[in-house]
$ cat target-v2.cif   # mmCIF, C-alpha atoms and all ligand atoms
data_model
loop_
_atom_site.label_atom_id
_atom_site.label_comp_id
_atom_site.auth_asym_id
_atom_site.auth_seq_id
_atom_site.Cartn_x
_atom_site.Cartn_y
_atom_site.Cartn_z
CA MET A 10 6.94 -32.13 5.03
CA SER A 11 10.38 -30.71 5.76
CA ASN A 12 11.44 -30.23 9.34
CA ILE A 13 11.24 -26.45 9.11
CA ALA A 14 7.75 -26.61 7.57
CA ALA A 15 6.57 -28.93 10.33
CA ARG A 16 7.98 -26.65 13.02
CA TYR A 17 6.28 -23.64 11.39
CA SER A 18 2.87 -25.22 11.18
CA ASN A 19 3.19 -26.62 14.67
CA SER A 20 4.12 -23.36 16.30
CA LEU A 21 2.45 -20.65 14.21
CA ALA A 22 -1.23 -20.13 13.50
CA GLY A 23 -2.35 -21.25 10.07
CA VAL A 24 -4.00 -17.85 9.63
CA VAL A 25 -0.75 -16.74 7.92
CA PRO A 26 -0.31 -19.60 5.42
CA MET A 27 3.12 -20.13 3.88
CA GLU A 28 3.13 -19.17 0.19
CA THR A 29 6.43 -20.86 -0.75
CA THR A 30 8.67 -23.54 0.69
CA LEU A 31 11.70 -21.25 0.68
CA HIS A 32 13.85 -21.38 3.80
CA ILE A 33 15.21 -17.86 3.85
CA ARG A 34 18.52 -16.92 5.38
CA SER A 35 18.99 -13.28 4.43
CA GLY A 36 18.44 -10.58 1.88
CA SER A 37 20.85 -8.44 -0.09
CA GLY A 38 19.92 -5.74 -2.61
CA SER A 39 16.99 -6.99 -4.67
CA PHE A 40 17.64 -10.65 -3.76
CA LEU A 41 16.68 -13.06 -1.02
CA GLU A 42 19.07 -15.92 -0.27
CA THR A 43 17.99 -19.31 1.05
CA GLU A 44 19.73 -21.51 3.59
CA SER A 45 20.90 -23.69 0.71
CA GLY A 46 22.52 -20.66 -0.96
CA GLU A 47 20.03 -20.08 -3.79
CA ARG A 48 19.19 -16.49 -4.76
CA TYR A 49 15.69 -15.26 -5.60
CA LEU A 50 14.82 -11.91 -7.16
CA ASP A 51 12.20 -10.44 -4.84
CA LEU A 52 9.57 -8.48 -6.75
CA ALA A 53 7.22 -8.57 -3.76
CA THR A 54 9.49 -6.72 -1.26
CA GLY A 55 7.66 -7.91 1.85
CA ILE A 56 4.48 -6.48 0.26
CA ALA A 57 5.81 -3.11 -0.87
CA VAL A 58 7.91 -2.47 2.24
CA ASN A 59 11.57 -2.85 1.24
CA ALA A 60 11.79 0.21 -1.00
CA LEU A 61 15.59 0.04 -1.12
CA GLY A 62 15.79 -3.74 -1.16
CA TYR A 63 17.69 -5.54 1.58
CA ARG A 64 20.59 -4.26 3.69
CA HIS A 65 21.03 -0.96 1.91
CA PRO A 66 24.29 0.48 3.32
CA GLU A 67 22.76 3.85 4.31
CA VAL A 68 19.85 2.17 6.06
CA MET A 69 22.10 -0.30 7.87
CA ALA A 70 24.45 2.49 8.99
CA ALA A 71 21.54 4.54 10.36
CA LEU A 72 20.23 1.47 12.17
CA ALA A 73 23.62 0.67 13.72
CA GLU A 74 24.13 4.28 14.78
CA GLN A 75 20.74 4.52 16.51
CA ALA A 76 21.13 1.05 18.05
CA GLN A 77 24.18 2.37 19.94
CA ARG A 78 21.94 5.00 21.57
CA HIS A 79 18.61 3.42 22.53
CA LEU A 80 16.13 1.03 20.93
CA HIS A 81 12.90 2.39 22.31
CA LEU A 82 11.48 5.35 24.12
CA TYR A 83 7.88 6.30 24.70
CA GLY A 84 7.54 9.39 22.49
CA GLY A 85 6.57 11.64 25.39
CA THR A 86 9.63 10.78 27.50
CA GLY A 87 11.84 13.48 26.00
CA TYR A 88 12.89 15.12 22.75
CA GLN A 89 14.79 12.87 20.33
CA ASP A 90 16.55 14.34 17.30
CA VAL A 91 15.92 11.29 15.18
CA VAL A 92 12.14 11.45 15.63
CA ILE A 93 11.91 15.16 14.88
CA ASP A 94 14.38 14.92 11.96
CA PHE A 95 12.26 12.17 10.44
CA ALA A 96 8.99 14.06 10.99
CA GLU A 97 10.48 17.16 9.37
CA ALA A 98 11.76 15.11 6.42
CA ILE A 99 8.30 13.63 5.86
CA LEU A 100 6.65 17.04 6.12
CA ALA A 101 9.11 18.36 3.54
CA THR A 102 7.58 15.87 1.07
CA VAL A 103 3.93 16.81 1.72
CA GLY A 104 4.04 20.43 2.81
CA PRO A 105 4.24 22.55 5.95
CA GLN A 106 0.45 22.65 6.32
CA TYR A 107 0.55 19.19 7.93
CA GLN A 108 1.59 17.74 11.30
CA LEU A 109 2.31 14.09 12.02
CA PHE A 110 1.25 11.36 14.37
CA PHE A 111 3.41 8.22 14.33
CA GLY A 112 2.01 4.70 14.75
CA ASN A 113 3.40 1.20 14.12
CA SER A 114 1.43 -0.25 11.21
CA GLY A 115 -0.80 0.83 8.37
CA THR A 116 -3.95 -0.33 10.10
CA GLU A 117 -3.10 1.78 13.15
CA ALA A 118 -2.65 4.89 11.03
CA VAL A 119 -6.08 4.18 9.51
CA GLU A 120 -7.54 3.86 13.03
CA ALA A 121 -5.97 7.20 13.86
CA ALA A 122 -7.56 8.75 10.75
CA ILE A 123 -11.00 7.41 11.67
CA LYS A 124 -10.73 8.62 15.27
CA LEU A 125 -9.41 12.06 14.36
CA SER A 126 -12.07 12.54 11.67
CA ARG A 127 -14.85 11.75 14.11
CA LEU A 128 -13.32 13.88 16.85
CA ALA A 129 -12.61 16.89 14.62
CA THR A 130 -15.99 16.92 12.84
CA GLY A 131 -18.30 15.53 15.52
CA ARG A 132 -19.84 13.43 12.73
CA PRO A 133 -20.12 9.62 12.63
CA GLY A 134 -20.15 8.65 8.95
CA ILE A 135 -17.23 7.24 6.98
CA ILE A 136 -17.32 6.58 3.23
CA ALA A 137 -14.99 3.92 1.81
CA PHE A 138 -14.76 1.95 -1.42
CA ARG A 139 -15.44 -1.63 -2.47
CA GLY A 140 -12.20 -3.42 -3.21
CA ALA A 141 -10.34 -1.31 -0.65
CA PHE A 142 -7.85 -2.69 1.81
CA HIS A 143 -7.19 -0.49 4.82
CA GLY A 144 -6.09 -3.05 7.44
CA ARG A 145 -7.39 -5.66 9.82
CA THR A 146 -8.01 -4.03 13.19
CA LEU A 147 -11.73 -3.61 13.73
CA GLY A 148 -12.00 0.06 12.73
CA ALA A 149 -9.83 -0.23 9.63
CA LEU A 150 -11.44 -3.59 8.83
CA SER A 151 -14.82 -1.87 8.73
CA LEU A 152 -13.48 0.17 5.81
CA THR A 153 -11.74 -2.78 4.14
CA ALA A 154 -13.98 -4.37 1.51
CA SER A 155 -11.75 -6.54 -0.64
CA ALA A 156 -12.81 -9.99 0.61
CA ALA A 157 -15.74 -11.20 2.67
CA ARG A 158 -13.45 -13.66 4.49
CA TYR A 159 -11.55 -10.74 6.03
CA ARG A 160 -14.77 -9.40 7.57
CA SER A 161 -17.61 -11.90 7.87
CA ALA A 162 -16.64 -13.66 11.08
CA TYR A 163 -16.03 -10.39 12.88
CA GLU A 164 -19.37 -8.68 12.32
CA PRO A 165 -20.75 -6.45 13.66
CA LEU A 166 -18.10 -3.99 12.60
CA LEU A 167 -17.99 -0.23 13.08
CA PRO A 168 -21.39 1.36 12.42
CA SER A 169 -21.93 4.27 10.01
CA VAL A 170 -19.44 3.02 7.40
CA TYR A 171 -20.81 3.17 3.84
CA HIS A 172 -19.21 1.63 0.77
CA VAL A 173 -19.48 2.62 -2.87
CA ASP A 174 -17.78 1.00 -5.85
CA TYR A 175 -14.25 2.17 -6.60
CA PRO A 176 -14.16 3.28 -10.24
CA ALA A 177 -12.41 0.11 -11.37
CA PRO A 178 -13.19 -0.31 -15.08
CA THR A 179 -12.28 -4.00 -15.52
CA ARG A 180 -13.99 -5.00 -12.27
CA LEU A 181 -17.19 -3.18 -13.16
CA GLY A 182 -17.04 -4.09 -16.85
CA LEU A 183 -17.27 -0.40 -17.78
CA THR A 184 -15.15 2.14 -19.60
CA PRO A 185 -13.11 4.41 -17.31
CA ASN A 186 -15.52 7.25 -17.85
CA GLN A 187 -18.58 5.09 -17.18
CA ALA A 188 -16.89 3.68 -14.06
CA LEU A 189 -16.33 7.17 -12.70
CA GLN A 190 -19.95 8.07 -13.39
CA GLU A 191 -21.11 4.91 -11.64
CA THR A 192 -19.11 5.78 -8.52
CA GLN A 193 -20.49 9.30 -8.60
CA ARG A 194 -24.04 7.97 -8.92
CA GLN A 195 -23.55 5.54 -6.01
CA LEU A 196 -22.16 8.22 -3.71
CA GLN A 197 -25.11 10.47 -4.48
CA THR A 198 -27.42 7.55 -3.67
CA VAL A 199 -25.70 7.10 -0.30
CA PHE A 200 -26.12 10.82 0.41
CA ASP A 201 -29.77 10.79 -0.72
CA ASN A 202 -30.93 7.52 0.84
CA GLU A 203 -28.58 6.55 3.69
CA ILE A 204 -26.61 9.36 5.32
CA GLY A 205 -26.65 13.07 4.48
CA PRO A 206 -23.23 14.51 3.67
CA GLU A 207 -23.50 16.80 6.70
CA ARG A 208 -23.22 13.68 8.91
CA VAL A 209 -20.18 12.26 7.10
CA ALA A 210 -16.84 12.74 8.89
CA ALA A 211 -14.47 11.36 6.27
CA ILE A 212 -14.01 9.80 2.87
CA VAL A 213 -11.11 7.34 2.99
CA VAL A 214 -9.63 6.35 -0.35
CA GLU A 215 -6.58 4.65 -1.86
CA PRO A 216 -5.30 6.84 -4.74
CA ILE A 217 -4.47 3.51 -6.42
CA GLN A 218 -6.17 0.43 -4.98
CA GLY A 219 -3.39 -1.90 -3.80
CA GLU A 220 -4.67 -5.26 -2.60
CA GLY A 221 -7.71 -4.61 -4.82
CA GLY A 222 -5.48 -5.17 -7.87
CA TYR A 223 -3.39 -2.06 -8.51
CA ILE A 224 -6.41 -0.27 -9.88
CA ILE A 225 -5.61 3.15 -11.29
CA PRO A 226 -8.79 5.21 -11.16
CA PRO A 227 -9.99 7.27 -14.13
CA PRO A 228 -8.60 10.81 -14.43
CA GLY A 229 -10.63 13.27 -12.38
CA PHE A 230 -11.66 10.80 -9.67
CA LEU A 231 -9.56 12.22 -6.83
CA GLU A 232 -10.30 15.80 -7.90
CA TRP A 233 -14.03 15.06 -7.85
CA LEU A 234 -13.78 13.45 -4.39
CA ALA A 235 -11.77 16.40 -3.07
CA ASP A 236 -14.45 18.73 -4.38
CA VAL A 237 -17.31 16.73 -2.80
CA ALA A 238 -15.39 16.66 0.48
CA ALA A 239 -14.61 20.39 0.45
CA ARG A 240 -18.19 21.38 -0.41
CA ASN A 241 -19.60 19.30 2.45
CA GLY A 242 -17.06 19.83 5.22
CA ILE A 243 -15.97 16.19 4.90
CA ILE A 244 -12.37 15.18 5.62
CA LEU A 245 -10.61 13.58 2.63
CA ALA A 246 -8.13 10.94 3.81
CA VAL A 247 -5.86 9.31 1.24
CA ASP A 248 -4.47 5.92 2.21
CA GLU A 249 -0.94 5.92 0.79
CA VAL A 250 0.23 2.94 2.82
CA GLN A 251 1.01 0.91 -0.32
CA SER A 252 1.30 3.64 -2.97
CA GLY A 253 3.52 6.00 -0.97
CA ILE A 254 7.24 6.65 -0.54
CA GLY A 255 8.19 7.09 -4.16
CA ARG A 256 6.66 3.93 -5.58
CA THR A 257 4.45 5.54 -8.22
CA GLY A 258 7.04 8.03 -9.45
CA ARG A 259 6.01 10.73 -6.98
CA MET A 260 6.61 10.58 -3.25
CA PHE A 261 2.86 10.01 -2.81
CA ALA A 262 0.41 8.92 -5.49
CA TYR A 263 -2.05 11.77 -4.80
CA GLN A 264 0.77 14.11 -5.93
CA HIS A 265 0.07 13.10 -9.52
CA THR A 266 -3.02 15.33 -9.10
CA ALA A 267 -3.44 18.85 -7.74
CA ILE A 268 -5.52 17.78 -4.71
CA ARG A 269 -4.48 18.64 -1.15
CA PRO A 270 -5.86 15.87 1.07
CA ASP A 271 -6.82 16.69 4.66
CA LEU A 272 -5.23 13.48 5.93
CA ILE A 273 -2.46 11.32 4.44
CA ILE A 274 -2.07 7.79 5.79
CA MET A 275 1.44 6.30 5.48
CA GLY A 276 3.03 2.98 6.37
CA LYS A 277 4.82 -0.02 4.84
CA ALA A 278 7.97 1.44 3.16
CA LEU A 279 7.96 4.48 5.46
CA GLY A 280 10.34 2.80 7.92
CA GLY A 281 12.69 1.36 5.30
CA GLY A 282 11.93 -2.16 6.59
CA LEU A 283 11.13 -1.49 10.24
CA PRO A 284 7.52 -1.12 11.34
CA ILE A 285 6.31 2.47 11.56
CA SER A 286 3.32 4.35 10.18
CA ALA A 287 2.22 7.95 10.19
CA LEU A 288 -0.88 10.03 9.86
CA ALA A 289 -0.20 13.44 8.34
CA GLY A 290 -3.06 15.81 9.04
CA ARG A 291 -3.85 19.42 8.32
CA ARG A 292 -2.62 21.44 11.32
CA ASP A 293 -6.06 22.74 12.28
CA LEU A 294 -7.44 19.19 12.31
CA MET A 295 -4.51 17.86 14.33
CA GLN A 296 -5.21 20.52 16.94
CA ALA A 297 -8.50 18.75 17.70
CA TRP A 298 -6.32 16.05 19.27
CA THR A 299 -5.85 17.55 22.70
CA ALA A 300 -3.35 15.85 25.02
CA GLY A 301 -4.25 12.25 25.79
CA THR A 302 -7.18 11.85 23.36
CA HIS A 303 -5.06 9.41 21.35
CA GLY A 304 -1.68 7.76 21.96
CA THR A 305 0.77 4.90 21.46
CA THR A 306 3.63 3.11 23.24
CA PHE A 307 5.76 2.17 20.25
CA GLY A 308 4.71 4.72 17.59
CA GLY A 309 7.69 6.76 16.42
CA ASN A 310 10.19 4.12 17.50
CA PRO A 311 13.67 5.68 17.14
CA LEU A 312 15.17 2.75 15.21
CA ALA A 313 12.35 2.92 12.66
CA CYS A 314 12.70 6.71 12.48
CA ALA A 315 16.43 6.30 11.78
CA THR A 316 15.94 3.72 9.01
CA GLY A 317 12.96 5.64 7.61
CA LEU A 318 14.96 8.86 7.49
CA ALA A 319 17.86 7.11 5.74
CA THR A 320 15.38 5.64 3.24
CA LEU A 321 13.74 9.00 2.48
CA ARG A 322 17.11 10.70 2.08
CA THR A 323 18.36 7.96 -0.25
CA ILE A 324 15.22 8.12 -2.39
CA GLU A 325 15.75 11.85 -2.74
CA LYS A 326 19.53 11.77 -3.18
CA GLU A 327 19.39 9.04 -5.84
CA ASN A 328 16.26 10.46 -7.49
CA LEU A 329 14.55 7.09 -7.17
CA THR A 330 11.09 8.47 -7.90
CA ALA A 331 12.29 9.25 -11.43
CA HIS A 332 13.91 5.80 -11.62
CA ALA A 333 10.59 4.23 -10.54
CA SER A 334 8.75 6.16 -13.26
CA ALA A 335 11.25 5.15 -15.94
CA LEU A 336 11.22 1.48 -14.92
CA GLY A 337 7.43 1.53 -14.74
CA ASN A 338 7.40 2.57 -18.39
CA VAL A 339 9.83 -0.23 -19.24
CA ALA A 340 7.47 -2.69 -17.52
CA LEU A 341 4.47 -1.43 -19.45
CA ASP A 342 6.43 -1.64 -22.71
CA ILE A 343 7.45 -5.25 -22.12
CA LEU A 344 4.26 -6.54 -20.50
CA GLY A 345 1.89 -4.37 -22.54
CA ALA A 346 2.01 -6.75 -25.51
CA LEU A 347 0.43 -9.44 -23.31
CA ALA A 348 -2.86 -7.53 -23.36
CA GLU A 349 -3.40 -9.08 -26.81
CA LEU A 350 -3.78 -12.52 -25.21
CA PRO A 351 -7.38 -13.56 -24.57
CA GLN A 352 -6.41 -14.64 -21.04
CA VAL A 353 -5.12 -11.18 -20.13
CA CYS A 354 -7.68 -8.45 -19.68
CA ASP A 355 -5.46 -5.57 -18.62
CA VAL A 356 -1.84 -4.51 -18.14
CA ARG A 357 -1.49 -1.33 -16.11
CA GLY A 358 0.78 0.53 -13.80
CA GLN A 359 1.98 3.77 -12.38
CA GLY A 360 5.70 3.80 -11.65
CA LEU A 361 6.63 0.57 -9.86
CA MET A 362 3.06 -0.44 -9.05
CA VAL A 363 2.62 -2.70 -12.06
CA ALA A 364 -0.17 -5.23 -12.65
CA VAL A 365 -1.26 -7.86 -15.13
CA GLU A 366 -4.91 -8.85 -14.74
CA PHE A 367 -6.18 -12.19 -16.06
CA SER A 368 -9.68 -12.60 -17.44
CA GLY A 369 -12.55 -14.81 -16.50
CA GLU A 370 -12.92 -17.86 -14.31
CA ASN A 371 -9.44 -19.18 -15.10
CA GLY A 372 -7.76 -15.96 -13.96
CA PRO A 373 -6.99 -16.99 -10.37
CA GLY A 374 -5.72 -20.41 -11.53
CA LEU A 375 -3.39 -18.79 -14.06
CA VAL A 376 -2.08 -16.44 -11.38
CA ARG A 377 -1.33 -19.40 -9.08
CA GLN A 378 0.49 -21.22 -11.88
CA LEU A 379 2.42 -18.10 -12.84
CA ILE A 380 3.61 -17.56 -9.26
CA ALA A 381 4.78 -21.19 -9.10
CA LYS A 382 6.51 -21.05 -12.50
CA ALA A 383 8.19 -17.74 -11.65
CA LEU A 384 9.50 -19.25 -8.43
CA GLU A 385 11.08 -22.04 -10.47
CA GLU A 386 12.87 -19.21 -12.34
CA HIS A 387 13.89 -17.73 -8.98
CA ILE A 388 11.52 -14.76 -9.15
CA ILE A 389 9.14 -14.01 -6.28
CA LEU A 390 5.74 -12.64 -7.35
CA HIS A 391 2.62 -11.75 -5.40
CA ALA A 392 -1.07 -11.85 -6.29
CA ALA A 393 -3.70 -9.16 -5.85
CA GLY A 394 -7.28 -8.52 -6.93
CA LEU A 395 -10.59 -9.50 -5.37
CA ARG A 396 -10.29 -13.04 -6.78
CA HIS A 397 -6.47 -13.08 -6.85
CA GLU A 398 -6.72 -12.71 -10.61
CA VAL A 399 -3.95 -10.10 -10.76
CA ILE A 400 -0.16 -10.29 -10.55
CA ARG A 401 1.32 -7.20 -8.93
CA LEU A 402 4.95 -6.22 -9.29
CA MET A 403 6.34 -4.05 -6.48
CA PRO A 404 10.13 -4.30 -6.83
CA PRO A 405 12.59 -2.22 -4.84
CA LEU A 406 12.69 1.34 -6.19
CA ASN A 407 16.42 1.04 -6.75
CA ILE A 408 16.29 -2.24 -8.67
CA ASP A 409 18.88 -2.44 -11.44
CA ARG A 410 17.39 -1.69 -14.85
CA THR A 411 18.89 -4.72 -16.63
CA LEU A 412 17.93 -7.07 -13.82
CA PHE A 413 14.36 -5.82 -13.89
CA THR A 414 14.17 -5.90 -17.69
CA ASP A 415 15.38 -9.50 -17.76
CA ALA A 416 12.83 -10.47 -15.10
CA LEU A 417 10.05 -8.77 -17.08
CA HIS A 418 10.99 -10.74 -20.19
CA THR A 419 10.92 -13.96 -18.16
CA ILE A 420 7.50 -13.09 -16.72
CA ALA A 421 6.18 -12.18 -20.18
CA ARG A 422 7.44 -15.51 -21.56
CA LEU A 423 5.84 -17.47 -18.70
CA ILE A 424 2.51 -15.72 -19.19
CA ALA A 425 2.59 -16.42 -22.93
CA GLU A 426 3.45 -20.09 -22.31
CA LEU A 427 0.76 -20.56 -19.68
CA SER A 428 -1.80 -18.84 -21.88
CA SER A 429 -1.03 -21.07 -24.85
CA ASN A 430 -1.65 -24.16 -22.68
CA ARG A 431 -5.22 -23.02 -22.01
C1 LIG B 501 -3.53 0.61 1.34
C2 LIG B 501 -3.28 -0.12 2.63
N1 LIG B 501 -3.72 0.41 3.78
C3 LIG B 501 -3.51 -0.18 4.96
C4 LIG B 501 -2.86 -1.39 5.04
C5 LIG B 501 -2.64 -2.05 6.37
O1 LIG B 501 -1.31 -1.97 6.70
P1 LIG B 501 -0.70 -2.97 7.82
O2 LIG B 501 -0.74 -4.34 7.24
O3 LIG B 501 0.67 -2.44 8.06
O4 LIG B 501 -1.57 -2.84 9.03
C6 LIG B 501 -2.39 -1.99 3.87
C7 LIG B 501 -1.69 -3.31 3.91
O5 LIG B 501 -1.57 -3.99 2.94
C8 LIG B 501 -2.61 -1.34 2.63
O6 LIG B 501 -2.18 -1.88 1.47
#
$ encode --input "target-v2.cif" --output "structure tokens"
Amino acid sequence: MSNIAARYSNSLAGVVPMETTLHIRSGSGSFLETESGERYLDLATGIAVNALGYRHPEVMAALAEQAQRHLHLYGGTGYQDVVIDFAEAILATVGPQYQLFFGNSGTEAVEAAIKLSRLATGRPGIIAFRGAFHGRTLGALSLTASAARYRSAYEPLLPSVYHVDYPAPTRLGLTPNQALQETQRQLQTVFDNEIGPERVAAIVVEPIQGEGGYIIPPPGFLEWLADVAARNGIILAVDEVQSGIGRTGRMFAYQHTAIRPDLIIMGKALGGGLPISALAGRRDLMQAWTAGTHGTTFGGNPLACATGLATLRTIEKENLTAHASALGNVALDILGALAELPQVCDVRGQGLMVAVEFSGENGPGLVRQLIAKALEEHIILHAAGLRHEVIRLMPPLNIDRTLFTDALHTIARLIAELSSNR
């Protein structure tokens, strides 16, 4: 074991296992550079965080400018332009009917959504979906249902949380239409047999399941959920932590539909690389939060607001949502042919949330081999899916077209080679 690996495993808990042996020095654009000077194309972006890659000049300038002022203030200490500018810029992307609450991480924004939903409705129940990932703090973890190992040791979790299957066709072995019907049937069963809809505070849903394998639900799913929620006085909360900030070709993935969620949960790329999250809520719901009924020390950190604002402005100025859409289509064109292979059961994507799912028992093994082979080609990939049978691509939104196209051809070649060895 190298010296650095030994120091890591001696000083840091094994609960965050190292996935590569790379000794990273810095990042620049779409690349990470190691201490020995090798460059790696990063298609994992710190798990969908670095939307503009590394050290984007606008983001670095905003960071330096704010760092000259102050690094931290408790949000209630006094008015700060940067915090309000950022909040207004986010609201401009979702609409003036919302207000914001800033937190530090995705899981905290999910906690905020759970608390506000219970407070505003006076109801206990929360509906979530199998395969979902909403975070690891105990409230959010109660909604997460993508792996038993995330949850088992920490039971009992939050009561009154009910799960139904996400309409994931390949996972359920159904057509998209059948999968949607199955989800609809299961939710009705929950309402009939477990908790009446009048006792449900919120339905929390990822518009595209992230950790669950970049599952794009059948058309009509979100519209149906919004209708169920509206008819029953249930809050609809969309978790856009992974799918948000331009990644799918719209600023938020729910914006591919006509729904107007009651709550929008944001995180990851929101801060342009610094930790910040936000809960956007309908104004009337947010008013249920009277002074002191929720709070945070670090939420809305001014450095993260500055880098987040620079990121949002750059995405808009450079029309990176359109770029993400166009490159997503390139990815589906190049990788789509792989769906013919018996080892590949699906190639899918929306914008720059792109996935290749491998079939059967060998799927997770193939994914492990593919990640290792790609690393030999200096490409960093990340797995997803309930059995880690999926490769997810989440490159920077501003990745160069030729660079990305070349990487896609390499990945396609590796998948074809690995498949022919089976
Ligand atoms: C959809 C979704 N929600 C919530 C979270 C939790 O975010 P964090 O890890 O910042 O707490 C994640 C993290 O992967 C996520 O993908």
$ residues_near_ligand --input "target-v2.cif" --ligand "ligand LIG 501 (chain B)" --cutoff "10 Å" --atoms "all atoms listed in the file" --output "PyMOL selection string"
chain A and resi 56-58+112-120+141-146+149-150+152-153+214-221+247-253+274-278+284-286
$ closest_atom_pairs --input "target-v2.cif" --of "region 220-299 of chain A" --to "region 198-210 of chain A" --cutoff "10 Å" --atoms "all atoms listed in the file" --output "Markdown table"
| residue | atom | partner | partner_atom | distance |
| --- | --- | --- | --- | --- |
| A:Val237 | CA | A:Pro206 | CA | 9.0 |
| A:Ala238 | CA | A:Pro206 | CA | 8.7 |
| A:Arg240 | CA | A:Pro206 | CA | 9.4 |
| A:Asn241 | CA | A:Pro206 | CA | 6.1 |
| A:Gly242 | CA | A:Glu207 | CA | 7.3 |
| A:Ile243 | CA | A:Ala210 | CA | 5.3 |
| A:Ile244 | CA | A:Ala210 | CA | 6.1 |
| A:Leu245 | CA | A:Ala210 | CA | 8.9 |
$ residues_around --input "target-v2.cif" --residues "Pro176 (chain A)" --least-positions-apart "5" --cutoff "7 Å" --atoms "all atoms listed in the file" --output "JSON, numbers by chain"
{"A": [188, 189, 192, 226, 227]}
$ closest_residue --input "target-v2.cif" --among "A:Cys354, A:Leu318, A:Ala53, A:Ile273" --to "Ala392 (chain A)" --atoms "all atoms listed in the file"
A:Ala53
$ closest_atom_pairs --input "target-v2.cif" --of "region 373-420 of chain A" --to "region 319-336 of chain A" --cutoff "7 Å" --atoms "all atoms listed in the file" --output "Markdown table"
| residue | atom | partner | partner_atom | distance |
| --- | --- | --- | --- | --- |
| A:Leu406 | CA | A:Ala333 | CA | 5.6 |
| A:Asn407 | CA | A:Leu329 | CA | 6.3 |
| A:Arg410 | CA | A:Leu336 | CA | 6.9 |
$ residues_around --input "target-v2.cif" --residues "Ser39 (chain A)" --least-positions-apart "6" --cutoff "10 Å" --atoms "all atoms listed in the file" --output "PDB file with C-alpha atoms, in the frame of the given file"
ATOM      1  CA  ARG A  48      19.190 -16.490  -4.760  1.00  0.00           C
ATOM      2  CA  TYR A  49      15.690 -15.260  -5.600  1.00  0.00           C
ATOM      3  CA  LEU A  50      14.820 -11.910  -7.160  1.00  0.00           C
ATOM      4  CA  ASP A  51      12.200 -10.440  -4.840  1.00  0.00           C
ATOM      5  CA  LEU A  52       9.570  -8.480  -6.750  1.00  0.00           C
ATOM      6  CA  ALA A  53       7.220  -8.570  -3.760  1.00  0.00           C
ATOM      7  CA  THR A  54       9.490  -6.720  -1.260  1.00  0.00           C
ATOM      8  CA  ASN A  59      11.570  -2.850   1.240  1.00  0.00           C
ATOM      9  CA  ALA A  60      11.790   0.210  -1.000  1.00  0.00           C
ATOM     10  CA  LEU A  61      15.590   0.040  -1.120  1.00  0.00           C
ATOM     11  CA  GLY A  62      15.790  -3.740  -1.160  1.00  0.00           C
ATOM     12  CA  TYR A  63      17.690  -5.540   1.580  1.00  0.00           C
ATOM     13  CA  ARG A  64      20.590  -4.260   3.690  1.00  0.00           C
ATOM     14  CA  HIS A  65      21.030  -0.960   1.910  1.00  0.00           C
ATOM     15  CA  PRO A 404      10.130  -4.300  -6.830  1.00  0.00           C
ATOM     16  CA  PRO A 405      12.590  -2.220  -4.840  1.00  0.00           C
ATOM     17  CA  LEU A 406      12.690   1.340  -6.190  1.00  0.00           C
ATOM     18  CA  ASN A 407      16.420   1.040  -6.750  1.00  0.00           C
ATOM     19  CA  ILE A 408      16.290  -2.240  -8.670  1.00  0.00           C
ATOM     20  CA  ASP A 409      18.880  -2.440 -11.440  1.00  0.00           C
ATOM     21  CA  LEU A 412      17.930  -7.070 -13.820  1.00  0.00           C
ATOM     22  CA  PHE A 413      14.360  -5.820 -13.890  1.00  0.00           C
TER      23      PHE A 413
END
$ closest_residue --input "target-v2.cif" --among "A:Leu384, A:Gly317, A:Gly85, A:Gln359" --to "Ala300 (chain A)" --atoms "all atoms listed in the file"
A:Gly85
$ residues_around --input "target-v2.cif" --residues "Gly394 (chain A)" --least-positions-apart "4" --cutoff "12 Å" --atoms "only C-alpha atoms" --output "PyMOL selection string"
chain A and resi 139-142+154-156+177+179-180+218-224+364-368+372-373+376+398-401
$ atom_distance --input "target-v2.cif" --atom1 "CA of Leu109 (chain A)" --atom2 "CA of His172 (chain A)"
27.3 Å
$ atom_distance --input "target-v2.cif" --atom1 "CA of Tyr107 (chain A)" --atom2 "CA of Arg269 (chain A)"
10.4 Å
$ atom_distance --input "target-v2.cif" --atom1 "CA of Ile225 (chain A)" --atom2 "CA of Gln195 (chain A)"
18.9 Å
$ residues_around --input "target-v2.cif" --residues "Asp415 (chain A)" --least-positions-apart "6" --cutoff "12 Å" --atoms "only C-alpha atoms" --output "ChimeraX atom specification"
/A:50,339-340,343-344,386,388,408-409,421-422
$ closest_residue --input "target-v2.cif" --among "A:Pro185, A:Val213, A:Val68, A:Arg16" --to "Ile136 (chain A)" --atoms "all atoms listed in the file"
A:Val213
$ decode --input "target-v2.cif" --residues "region 316-320 of chain A" --atoms "N, CA and C atoms" --output "mmCIF file, in the first residue's frame"
data_model
loop_
_atom_site.group_PDB
_atom_site.id
_atom_site.type_symbol
_atom_site.label_atom_id
_atom_site.label_comp_id
_atom_site.auth_asym_id
_atom_site.auth_seq_id
_atom_site.Cartn_x
_atom_site.Cartn_y
_atom_site.Cartn_z
ATOM 1 N N THR A 316 -20.267 31.702 -5.301
ATOM 2 C CA THR A 316 -19.895 30.751 -6.360
ATOM 3 C C THR A 316 -21.149 30.194 -7.044
ATOM 4 N N GLY A 317 -22.215 30.006 -6.251
ATOM 5 C CA GLY A 317 -23.475 29.523 -6.833
ATOM 6 C C GLY A 317 -24.053 30.532 -7.809
ATOM 7 N N LEU A 318 -24.005 31.803 -7.424
ATOM 8 C CA LEU A 318 -24.532 32.856 -8.298
ATOM 9 C C LEU A 318 -23.719 32.921 -9.598
ATOM 10 N N ALA A 319 -22.401 32.845 -9.464
ATOM 11 C CA ALA A 319 -21.551 32.876 -10.672
ATOM 12 C C ALA A 319 -21.864 31.672 -11.564
ATOM 13 N N THR A 320 -22.131 30.536 -10.946
ATOM 14 C CA THR A 320 -22.448 29.323 -11.720
ATOM 15 C C THR A 320 -23.769 29.491 -12.470
#
